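**Student:** If it helps, the file is called final_17.cif and holds mmCIF, C-alpha atoms, pLDDT in the B column; chains and numbers go by the auth columns:
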data_query
#
loop_
_atom_site.group_PDB
_atom_site.id
_atom_site.type_symbol
_atom_site.label_atom_id
_atom_site.label_comp_id
_atom_site.label_asym_id
_atom_site.label_seq_id
_atom_site.Cartn_x
_atom_site.Cartn_y
_atom_site.Cartn_z
_atom_site.B_iso_or_equiv
_atom_site.auth_seq_id
_atom_site.auth_asym_id
ATOM 1 C CA MET A 1 -25.184 102.683 -9.863 72.00 48 T
ATOM 2 C CA ALA A 2 -23.465 101.813 -13.155 83.00 49 T
ATOM 3 C CA PHE A 3 -25.609 98.724 -13.743 88.00 50 T
ATOM 4 C CA VAL A 4 -28.923 100.583 -13.429 88.00 51 T
ATOM 5 C CA LEU A 5 -27.649 103.474 -15.562 86.00 52 T
ATOM 6 C CA TRP A 6 -26.551 101.036 -18.295 88.00 53 T
ATOM 7 C CA CYS A 7 -29.932 99.294 -18.224 87.00 54 T
ATOM 8 C CA TRP A 8 -31.748 102.592 -18.642 82.00 55 T
ATOM 9 C CA GLN A 9 -29.475 104.356 -21.140 82.00 56 T
ATOM 10 C CA SER A 10 -28.005 101.539 -23.238 82.00 57 T
ATOM 11 C CA ARG A 11 -30.636 98.812 -22.983 81.00 58 T
ATOM 12 C CA GLY A 12 -33.730 101.000 -22.726 84.00 59 T
ATOM 13 C CA THR A 13 -35.091 99.044 -19.768 86.00 60 T
ATOM 14 C CA PRO A 14 -37.812 100.812 -17.730 87.00 61 T
ATOM 15 C CA LEU A 15 -36.730 101.775 -14.241 86.00 62 T
ATOM 16 C CA GLU A 16 -38.684 99.003 -12.572 87.00 63 T
ATOM 17 C CA ARG A 17 -37.128 96.615 -10.092 86.00 64 T
ATOM 18 C CA ARG A 18 -38.549 93.452 -11.652 86.00 65 T
ATOM 19 C CA ARG A 19 -37.437 94.553 -15.155 87.00 66 T
ATOM 20 C CA ILE A 20 -33.884 95.546 -14.221 87.00 67 T
ATOM 21 C CA PHE A 21 -32.871 92.967 -11.625 88.00 68 T
ATOM 22 C CA ARG A 22 -33.070 89.893 -13.848 87.00 69 T
ATOM 23 C CA LEU A 23 -30.459 87.187 -14.399 86.00 70 T
ATOM 24 C CA VAL A 24 -30.296 87.713 -18.159 86.00 71 T
ATOM 25 C CA THR A 25 -29.850 91.473 -17.697 88.00 72 T
ATOM 26 C CA VAL A 26 -26.962 90.964 -15.303 87.00 73 T
ATOM 27 C CA GLU A 27 -25.217 88.638 -17.769 86.00 74 T
ATOM 28 C CA GLU A 28 -25.688 91.136 -20.607 87.00 75 T
ATOM 29 C CA PHE A 29 -24.242 93.945 -18.506 87.00 76 T
ATOM 30 C CA VAL A 30 -21.185 91.903 -17.498 84.00 77 T
ATOM 31 C CA HIS A 31 -20.433 90.902 -21.099 82.00 78 T
ATOM 32 C CA LEU A 32 -21.458 94.073 -22.938 83.00 79 T
ATOM 33 C CA GLY A 33 -21.270 96.904 -20.418 83.00 80 T
ATOM 34 C CA MET A 34 -18.016 96.031 -18.625 82.00 81 T
ATOM 35 C CA THR A 35 -15.623 95.528 -21.533 78.00 82 T
ATOM 36 C CA ARG A 36 -13.036 97.873 -19.988 75.00 83 T
ATOM 37 C CA TYR A 37 -12.927 95.950 -16.710 73.00 84 T
ATOM 38 C CA ALA A 38 -10.411 93.204 -15.953 68.00 85 T
ATOM 39 C CA ALA A 39 -11.757 89.660 -15.787 68.00 86 T
ATOM 40 C CA GLY A 40 -11.437 89.567 -12.012 65.00 87 T
ATOM 41 C CA SER A 41 -13.388 92.799 -11.581 69.00 88 T
ATOM 42 C CA ARG A 42 -16.156 91.543 -13.863 74.00 89 T
ATOM 43 C CA ALA A 43 -16.452 88.360 -11.815 76.00 90 T
ATOM 44 C CA THR A 44 -16.644 90.353 -8.576 75.00 91 T
ATOM 45 C CA HIS A 45 -19.341 92.682 -9.936 77.00 92 T
ATOM 46 C CA ARG A 46 -21.290 89.735 -11.325 82.00 93 T
ATOM 47 C CA SER A 47 -21.381 88.017 -7.932 80.00 94 T
ATOM 48 C CA THR A 48 -22.550 91.234 -6.264 83.00 95 T
ATOM 49 C CA LEU A 49 -25.286 91.811 -8.850 85.00 96 T
ATOM 50 C CA LEU A 50 -26.530 88.234 -8.560 84.00 97 T
ATOM 51 C CA LEU A 51 -26.884 88.715 -4.820 84.00 98 T
ATOM 52 C CA MET A 52 -28.897 91.867 -5.515 85.00 99 T
ATOM 53 C CA VAL A 53 -31.173 89.962 -7.890 86.00 100 T
ATOM 54 C CA GLU A 54 -31.689 87.368 -5.194 84.00 101 T
ATOM 55 C CA ALA A 55 -32.598 90.069 -2.651 85.00 102 T
ATOM 56 C CA LEU A 56 -34.568 92.506 -4.831 86.00 103 T
ATOM 57 C CA ASN A 57 -36.335 90.155 -7.227 85.00 104 T
ATOM 58 C CA PRO A 58 -36.691 86.767 -5.508 83.00 105 T
ATOM 59 C CA ALA A 59 -39.370 85.670 -7.985 82.00 106 T
ATOM 60 C CA GLU A 60 -36.727 85.729 -10.727 78.00 107 T
ATOM 61 C CA VAL A 61 -34.499 83.437 -8.690 71.00 108 T
ATOM 62 C CA THR A 62 -37.322 81.014 -7.898 71.00 109 T
ATOM 63 C CA ARG A 63 -38.557 80.954 -11.486 70.00 110 T
ATOM 64 C CA ASN A 64 -35.119 80.040 -12.822 67.00 111 T
ATOM 65 C CA HIS A 65 -34.218 77.675 -9.972 59.00 112 T
ATOM 66 C CA PHE A 66 -31.119 79.786 -9.486 61.00 113 T
ATOM 67 C CA SER A 67 -28.629 79.416 -6.667 56.00 114 T
ATOM 68 C CA LEU A 68 -25.283 81.120 -6.252 52.00 115 T
ATOM 69 C CA PRO A 69 -22.369 78.725 -6.762 54.00 116 T
ATOM 70 C CA ARG A 70 -19.908 78.281 -3.921 53.00 117 T
ATOM 71 C CA SER A 71 -17.054 80.672 -4.541 57.00 118 T
ATOM 72 C CA GLU A 72 -13.620 79.322 -5.327 69.00 119 T
ATOM 73 C CA PRO A 73 -10.752 80.555 -3.149 78.00 120 T
ATOM 74 C CA THR A 74 -8.845 83.485 -4.629 85.00 121 T
ATOM 75 C CA ARG A 75 -5.734 82.332 -6.466 88.00 122 T
ATOM 76 C CA PRO A 76 -2.466 83.904 -5.285 93.00 123 T
ATOM 77 C CA TYR A 77 -0.019 85.438 -7.746 94.00 124 T
ATOM 78 C CA ALA A 78 2.915 83.328 -8.949 92.00 125 T
ATOM 79 C CA ASP A 79 6.414 84.842 -8.885 92.00 126 T
ATOM 80 C CA PRO A 80 6.401 85.808 -12.613 93.00 127 T
ATOM 81 C CA GLU A 81 3.060 87.565 -12.090 94.00 128 T
ATOM 82 C CA ILE A 82 4.466 89.568 -9.174 95.00 129 T
ATOM 83 C CA ALA A 83 7.411 90.592 -11.352 95.00 130 T
ATOM 84 C CA ALA A 84 4.959 91.711 -14.043 95.00 131 T
ATOM 85 C CA LEU A 85 3.039 93.778 -11.478 96.00 132 T
ATOM 86 C CA ALA A 86 6.271 95.473 -10.356 96.00 133 T
ATOM 87 C CA SER A 87 7.126 96.315 -13.980 95.00 134 T
ATOM 88 C CA TRP A 88 3.603 97.654 -14.475 95.00 135 T
ATOM 89 C CA ALA A 89 3.996 99.970 -11.480 95.00 136 T
ATOM 90 C CA MET A 90 7.312 101.365 -12.694 94.00 137 T
ATOM 91 C CA SER A 91 5.990 101.902 -16.220 94.00 138 T
ATOM 92 C CA GLN A 92 3.189 104.275 -15.194 93.00 139 T
ATOM 93 C CA GLY A 93 3.137 107.535 -17.127 90.00 140 T
ATOM 94 C CA THR A 94 3.829 109.986 -14.277 93.00 141 T
ATOM 95 C CA PRO A 95 5.934 109.867 -11.081 93.00 142 T
ATOM 96 C CA ARG A 96 2.775 110.276 -9.017 93.00 143 T
ATOM 97 C CA ARG A 97 1.069 107.301 -10.659 94.00 144 T
ATOM 98 C CA GLN A 98 4.253 105.274 -10.181 95.00 145 T
ATOM 99 C CA LEU A 99 4.240 106.017 -6.452 95.00 146 T
ATOM 100 C CA ASP A 100 0.528 105.258 -6.184 96.00 147 T
ATOM 101 C CA SER A 101 1.018 101.939 -7.981 96.00 148 T
ATOM 102 C CA ILE A 102 3.933 101.035 -5.725 96.00 149 T
ATOM 103 C CA ALA A 103 1.848 101.989 -2.682 96.00 150 T
ATOM 104 C CA LEU A 104 -0.970 99.723 -3.863 97.00 151 T
ATOM 105 C CA LEU A 105 1.379 96.769 -4.377 97.00 152 T
ATOM 106 C CA THR A 106 3.199 97.389 -1.104 97.00 153 T
ATOM 107 C CA LEU A 107 0.041 97.503 0.995 97.00 154 T
ATOM 108 C CA GLY A 108 -1.431 94.523 -0.852 97.00 155 T
ATOM 109 C CA LEU A 109 1.559 92.218 -1.335 97.00 156 T
ATOM 110 C CA GLY A 110 3.711 93.532 1.505 97.00 157 T
ATOM 111 C CA THR A 111 1.120 93.757 4.279 97.00 158 T
ATOM 112 C CA GLY A 112 -1.879 91.836 2.952 97.00 159 T
ATOM 113 C CA LEU A 113 -4.416 94.583 3.554 96.00 160 T
ATOM 114 C CA ALA A 114 -7.944 94.321 2.190 93.00 161 T
ATOM 115 C CA THR A 115 -9.243 96.934 -0.255 91.00 162 T
ATOM 116 C CA ARG A 116 -10.948 99.138 2.330 91.00 163 T
ATOM 117 C CA GLU A 117 -7.877 98.973 4.581 95.00 164 T
ATOM 118 C CA ILE A 118 -5.548 100.028 1.748 95.00 165 T
ATOM 119 C CA LEU A 119 -7.656 103.118 1.182 94.00 166 T
ATOM 120 C CA GLY A 120 -7.594 104.003 4.885 94.00 167 T
ATOM 121 C CA VAL A 121 -3.826 103.994 5.505 95.00 168 T
ATOM 122 C CA ARG A 122 -2.139 107.352 6.004 94.00 169 T
ATOM 123 C CA THR A 123 1.604 107.973 5.887 94.00 170 T
ATOM 124 C CA SER A 124 1.577 108.479 9.662 94.00 171 T
ATOM 125 C CA ASP A 125 0.260 104.921 10.071 95.00 172 T
ATOM 126 C CA VAL A 126 3.602 103.510 8.923 95.00 173 T
ATOM 127 C CA ASP A 127 6.043 102.914 11.782 93.00 174 T
ATOM 128 C CA ALA A 128 9.585 103.000 10.374 87.00 175 T
ATOM 129 C CA ARG A 129 11.415 103.631 13.653 81.00 176 T
ATOM 130 C CA MET A 130 12.422 99.993 14.153 75.00 177 T
ATOM 131 C CA ASP A 131 14.507 97.802 11.859 76.00 178 T
ATOM 132 C CA ASP A 132 11.307 96.126 10.682 86.00 179 T
ATOM 133 C CA MET A 133 8.616 98.424 9.338 94.00 180 T
ATOM 134 C CA GLN A 134 5.010 98.072 10.473 96.00 181 T
ATOM 135 C CA VAL A 135 1.674 99.379 9.233 97.00 182 T
ATOM 136 C CA ILE A 136 -1.019 100.291 11.747 96.00 183 T
ATOM 137 C CA VAL A 137 -4.572 99.462 10.674 96.00 184 T
ATOM 138 C CA ARG A 138 -6.850 101.725 12.720 91.00 185 T
ATOM 139 C CA GLU A 139 -10.358 101.024 11.457 82.00 186 T
ATOM 140 C CA GLY A 140 -12.362 97.810 11.335 83.00 187 T
ATOM 141 C CA ARG A 141 -10.013 94.966 12.210 90.00 188 T
ATOM 142 C CA SER A 142 -7.502 97.182 14.019 94.00 189 T
ATOM 143 C CA ARG A 143 -4.032 95.652 14.292 96.00 190 T
ATOM 144 C CA VAL A 144 -0.318 96.154 13.607 96.00 191 T
ATOM 145 C CA VAL A 145 1.022 94.406 10.506 97.00 192 T
ATOM 146 C CA PRO A 146 4.746 93.831 9.875 96.00 193 T
ATOM 147 C CA VAL A 147 5.866 94.640 6.317 97.00 194 T
ATOM 148 C CA LEU A 148 7.500 91.788 4.422 96.00 195 T
ATOM 149 C CA ASP A 149 11.224 92.357 3.906 94.00 196 T
ATOM 150 C CA GLY A 150 11.030 92.616 0.132 94.00 197 T
ATOM 151 C CA TRP A 151 8.569 95.518 0.309 96.00 198 T
ATOM 152 C CA GLN A 152 10.275 97.697 2.921 95.00 199 T
ATOM 153 C CA ARG A 153 12.544 99.546 0.491 93.00 200 T
ATOM 154 C CA PRO A 154 9.632 100.517 -1.825 93.00 201 T
ATOM 155 C CA LEU A 155 7.717 101.692 1.225 94.00 202 T
ATOM 156 C CA HIS A 156 10.647 103.874 2.321 92.00 203 T
ATOM 157 C CA ARG A 157 10.629 105.452 -1.143 91.00 204 T
ATOM 158 C CA ILE A 158 6.954 106.327 -0.794 93.00 205 T
ATOM 159 C CA LEU A 159 7.443 107.824 2.672 92.00 206 T
ATOM 160 C CA GLU A 160 10.111 110.172 1.317 90.00 207 T
ATOM 161 C CA ASN A 161 7.534 111.645 -1.051 85.00 208 T
ATOM 162 C CA ARG A 162 4.483 111.858 1.221 88.00 209 T
ATOM 163 C CA ASP A 163 3.382 114.306 3.892 89.00 210 T
ATOM 164 C CA PRO A 164 2.594 112.510 7.211 86.00 211 T
ATOM 165 C CA THR A 165 -1.062 113.543 7.058 88.00 212 T
ATOM 166 C CA GLU A 166 -1.627 112.281 3.506 93.00 213 T
ATOM 167 C CA TRP A 167 -3.139 109.021 2.396 94.00 214 T
ATOM 168 C CA LEU A 168 -0.412 106.554 1.445 95.00 215 T
ATOM 169 C CA PHE A 169 -2.305 105.504 -1.699 95.00 216 T
ATOM 170 C CA ARG A 170 -3.613 108.312 -3.907 94.00 217 T
ATOM 171 C CA PRO A 171 -3.021 111.329 -1.640 93.00 218 T
ATOM 172 C CA GLY A 172 -5.359 114.242 -2.150 90.00 219 T
ATOM 173 C CA ARG A 173 -8.543 112.209 -1.744 90.00 220 T
ATOM 174 C CA ALA A 174 -11.235 113.749 0.417 86.00 221 T
ATOM 175 C CA SER A 175 -12.118 110.358 1.917 85.00 222 T
ATOM 176 C CA ALA A 176 -11.701 106.601 1.592 84.00 223 T
ATOM 177 C CA ALA A 177 -14.569 105.504 -0.641 81.00 224 T
ATOM 178 C CA SER A 178 -15.262 102.219 -2.408 73.00 225 T
ATOM 179 C CA GLY A 179 -14.373 102.196 -6.082 82.00 226 T
ATOM 180 C CA GLN A 180 -11.276 104.388 -5.785 89.00 227 T
ATOM 181 C CA ILE A 181 -8.914 101.505 -6.508 90.00 228 T
ATOM 182 C CA THR A 182 -11.058 100.309 -9.426 86.00 229 T
ATOM 183 C CA ASP A 183 -11.081 103.841 -10.831 87.00 230 T
ATOM 184 C CA PHE A 184 -7.292 104.043 -10.560 90.00 231 T
ATOM 185 C CA LEU A 185 -6.826 100.721 -12.334 88.00 232 T
ATOM 186 C CA LEU A 186 -9.261 101.607 -15.122 84.00 233 T
ATOM 187 C CA ARG A 187 -7.123 104.631 -15.943 84.00 234 T
ATOM 188 C CA ALA A 188 -4.026 102.426 -16.029 81.00 235 T
ATOM 189 C CA ARG A 189 -5.470 100.500 -18.996 77.00 236 T
ATOM 190 C CA THR A 190 -3.608 97.299 -18.188 82.00 237 T
ATOM 191 C CA GLU A 191 -4.386 93.742 -19.210 84.00 238 T
ATOM 192 C CA LEU A 192 -2.901 92.454 -15.953 89.00 239 T
ATOM 193 C CA ASP A 193 -5.252 91.152 -13.273 90.00 240 T
ATOM 194 C CA VAL A 194 -4.437 93.698 -10.561 93.00 241 T
ATOM 195 C CA ARG A 195 -6.582 92.839 -7.549 92.00 242 T
ATOM 196 C CA PRO A 196 -6.120 93.535 -3.821 93.00 243 T
ATOM 197 C CA SER A 197 -7.855 90.214 -3.036 91.00 244 T
ATOM 198 C CA ARG A 198 -5.186 88.293 -4.971 93.00 245 T
ATOM 199 C CA MET A 199 -2.458 90.366 -3.321 96.00 246 T
ATOM 200 C CA ARG A 200 -3.853 89.490 0.098 95.00 247 T
ATOM 201 C CA ALA A 201 -4.046 85.793 -0.833 94.00 248 T
ATOM 202 C CA THR A 202 -0.417 85.942 -2.003 95.00 249 T
ATOM 203 C CA TRP A 203 0.648 87.568 1.269 96.00 250 T
ATOM 204 C CA LEU A 204 -1.176 84.939 3.311 95.00 251 T
ATOM 205 C CA LEU A 205 0.415 82.105 1.329 94.00 252 T
ATOM 206 C CA SER A 206 3.889 83.613 1.742 94.00 253 T
ATOM 207 C CA HIS A 207 3.429 83.614 5.535 95.00 254 T
ATOM 208 C CA LEU A 208 2.140 80.042 5.541 92.00 255 T
ATOM 209 C CA THR A 209 5.081 78.945 3.399 91.00 256 T
ATOM 210 C CA ALA A 210 7.532 80.770 5.679 93.00 257 T
ATOM 211 C CA GLY A 211 6.131 78.960 8.710 92.00 258 T
ATOM 212 C CA THR A 212 4.380 81.840 10.471 93.00 259 T
ATOM 213 C CA PRO A 213 2.326 80.250 13.286 93.00 260 T
ATOM 214 C CA PRO A 214 -1.367 80.157 12.296 91.00 261 T
ATOM 215 C CA ARG A 215 -2.536 82.012 15.407 91.00 262 T
ATOM 216 C CA GLU A 216 -0.030 84.785 14.766 95.00 263 T
ATOM 217 C CA LEU A 217 -1.127 84.967 11.134 95.00 264 T
ATOM 218 C CA LEU A 218 -4.748 85.270 12.229 94.00 265 T
ATOM 219 C CA ARG A 219 -3.758 88.192 14.455 95.00 266 T
ATOM 220 C CA ILE A 220 -1.833 90.198 11.857 96.00 267 T
ATOM 221 C CA SER A 221 -4.266 89.420 9.030 95.00 268 T
ATOM 222 C CA GLY A 222 -7.445 90.239 10.914 94.00 269 T
ATOM 223 C CA LEU A 223 -8.966 86.862 10.012 92.00 270 T
ATOM 224 C CA ARG A 224 -11.192 85.243 12.606 87.00 271 T
ATOM 225 C CA ASN A 225 -10.764 81.517 12.071 86.00 272 T
ATOM 226 C CA LEU A 226 -8.345 78.955 10.696 86.00 273 T
ATOM 227 C CA ALA A 227 -10.761 77.839 7.979 83.00 274 T
ATOM 228 C CA ALA A 228 -9.860 80.969 6.019 82.00 275 T
ATOM 229 C CA LEU A 229 -6.223 79.887 6.005 86.00 276 T
ATOM 230 C CA ASP A 230 -7.126 76.383 4.810 84.00 277 T
ATOM 231 C CA LYS A 231 -8.501 77.913 1.609 83.00 278 T
ATOM 232 C CA ILE A 232 -5.100 79.477 0.901 88.00 279 T
ATOM 233 C CA ALA A 233 -2.892 76.608 2.042 84.00 280 T
ATOM 234 C CA CYS A 234 -3.998 74.424 -0.879 84.00 281 T
ATOM 235 C CA PHE A 235 -2.136 76.612 -3.407 86.00 282 T
ATOM 236 C CA ASP A 236 1.390 75.987 -4.638 75.00 283 T
ATOM 237 C CA PRO A 237 3.612 78.920 -3.525 72.00 284 T
ATOM 238 C CA LYS A 238 5.713 78.692 -6.708 68.00 285 T
ATOM 239 C CA THR A 239 2.990 78.656 -9.331 68.00 286 T
ATOM 240 C CA GLY A 240 -0.075 79.997 -7.514 70.00 287 T
ATOM 241 C CA HIS A 241 -2.083 77.045 -8.855 69.00 288 T
ATOM 242 C CA LYS A 242 -4.333 74.920 -6.705 70.00 289 T
ATOM 243 C CA LEU A 243 -2.801 71.603 -5.680 59.00 290 T
ATOM 244 C CA SER A 244 -4.613 68.334 -6.146 48.00 291 T
ATOM 245 C CA PRO A 245 -5.738 66.750 -2.844 42.00 292 T
ATOM 246 C CA GLN A 246 -3.025 64.091 -3.197 42.00 293 T
ATOM 247 C CA ASN A 247 -0.188 66.569 -3.728 46.00 294 T
ATOM 248 C CA PHE A 248 -1.554 68.918 -1.089 35.00 295 T
ATOM 249 C CA HIS A 249 -1.447 66.221 1.600 37.00 296 T
ATOM 250 C CA LYS A 250 2.074 65.244 0.522 43.00 297 T
ATOM 251 C CA ARG A 251 3.245 68.828 0.999 44.00 298 T
ATOM 252 C CA ALA A 252 1.423 69.148 4.314 40.00 299 T
#
Show me this structure written as structure tokens.
**Tutor:**
Amino acid sequence: MAFVLWCWQSRGTPLERRRIFRLVTVEEFVHLGMTRYAAGSRATHRSTLLLMVEALNPAEVTRNHFSLPRSEPTRPYADPEIAALASWAMSQGTPRRQLDSIALLTLGLGTGLATREILGVRTSDVDARMDDMQVIVREGRSRVVPVLDGWQRPLHRILENRDPTEWLFRPGRASAASGQITDFLLRARTELDVRPSRMRATWLLSHLTAGTPPRELLRISGLRNLAALDKIACFDPKTGHKLSPQNFHKRA
């Protein structure tokens, strides 16, 4: 685990649970040991580490009267941000990295898949026989997801360059393991906030804006209840910014 290794090697902290899993140590790691990570990734890791402190060193939490804040809903991308992501994908240094970047954006923005689902899609899971392309999610929340119109041409381009048995994103992997998307993005060295969670939020908002019935959206997204959609519906589809309660009710 990167956090524990940093504590031991860089901070000189003894390998003891109560010495490592402390609130101040987590904050130091996020600010000093994750300088190459995007802001969104740092926030995600911080939340995970705070949960670990709460579970592994409860005395630390009690002593500091600490409680995890309620998480804010993930902000969707605005149109200019999506354009910047597309330019980022096309500017990658090799044709293979370009295709992998396009695959990531297509599965995230075009089908709204979660991180683990993106890693699990093979070329054979894309059904291009009909006019409208579909992606079959086989593990976890199994379902068939239609691809948004604007992402079907990029997906066709990827299919032309992939063997049916290969992973759609980063072919050649031995398995679908957590951290493979983060590793890919670290090598891209971009200042953009490239996150599957924001891509999924953007995809959900686009369906809500287009008038997709909520029950149908629950089915193709794999979500279990309408409350998850309420968190997304409060964002402005043009800017990606959260609407004030007054403006939100006017739009609704």
**Student:** Might you spell out which residues the PyMOL selection byres ((chain T and resi 169) around 6) would select in the displayed file, as a PyMOL selection string?
**Tutor:** chain T and resi 168+170-172+213-215
**Student:** Please compute the atom CA of T:Trp55-atom CA of T:Gly80 distance, one decimal, in Å.
**Tutor:** 12.1 Å
**Student:** What does the distance between atom CA of T:Pro284 and atom CA of T:Thr91 come to in Å, to one decimal place?
**Tutor:**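 These atoms are spaced 23.8 Å apart.
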**Student:** Evaluate the PyMOL selection byres ((chain T and resi 269) around 8) against this structure - the residues, as a list of chain:residue names, please.
**Tutor:**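 Evaluating the PyMOL selection byres ((chain T and resi 269) around 8) on these coordinates yields T:Arg188, T:Ser189, T:Arg190, T:Leu265, T:Arg266, T:Ile267, T:Ser268, T:Leu270, T:Arg271.
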**Student:** Store the residues picked out above, limited to C-alpha atoms, as a PDB file, keeping the file's coordinate frame.
**Tutor:**
ATOM      1  CA  ARG T 188     -10.013  94.966  12.210  1.00 90.00           C
ATOM      2  CA  SER T 189      -7.502  97.182  14.019  1.00 94.00           C
ATOM      3  CA  ARG T 190      -4.032  95.652  14.292  1.00 96.00           C
ATOM      4  CA  LEU T 265      -4.748  85.270  12.229  1.00 94.00           C
ATOM      5  CA  ARG T 266      -3.758  88.192  14.455  1.00 95.00           C
ATOM      6  CA  ILE T 267      -1.833  90.198  11.857  1.00 96.00           C
ATOM      7  CA  SER T 268      -4.266  89.420   9.030  1.00 95.00           C
ATOM      8  CA  LEU T 270      -8.966  86.862  10.012  1.00 92.00           C
ATOM      9  CA  ARG T 271     -11.192  85.243  12.606  1.00 87.00           C
TER      10      ARG T 271
END
**Student:** Pick from T:Ser253, T:Asn104, T:Ser244, T:Thr153: nearest to T:Phe216, with all atoms listed in the file counted?
**Tutor:** T:Thr153
**Student:** Quick one: distance from atom CA of T:Val73 to atom CA of T:Gln56 in Å, one decimal?
**Tutor:**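 According to the coordinates, atom CA of T:Val73 and atom CA of T:Gln56 are separated by 14.8 Å.
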**Student:** List the residues selected by the PyMOL selection byres ((chain T and resi 94-103) around 9) in the file shown, writing them as a PyMOL selection string.
**Tutor:** chain T and resi 50+64-65+67-70+73+89-93+104-109+113-115
**Student:** In terms of the shortest atom-to-atom distance over only C-alpha atoms, which of T:Arg66, T:Ile165, T:Asn208, T:Thr256 is closest to T:Pro142?
**Tutor:**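 Closest to T:Pro142, using only C-alpha atoms: T:Asn208.
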**Student:** Taking only C-alpha atoms into account, name the residue in T:Thr72, T:Ser225, T:Gln181, T:Ser148 that is nearest to T:Gly59.
**Tutor:**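 Closest candidate: T:Thr72.
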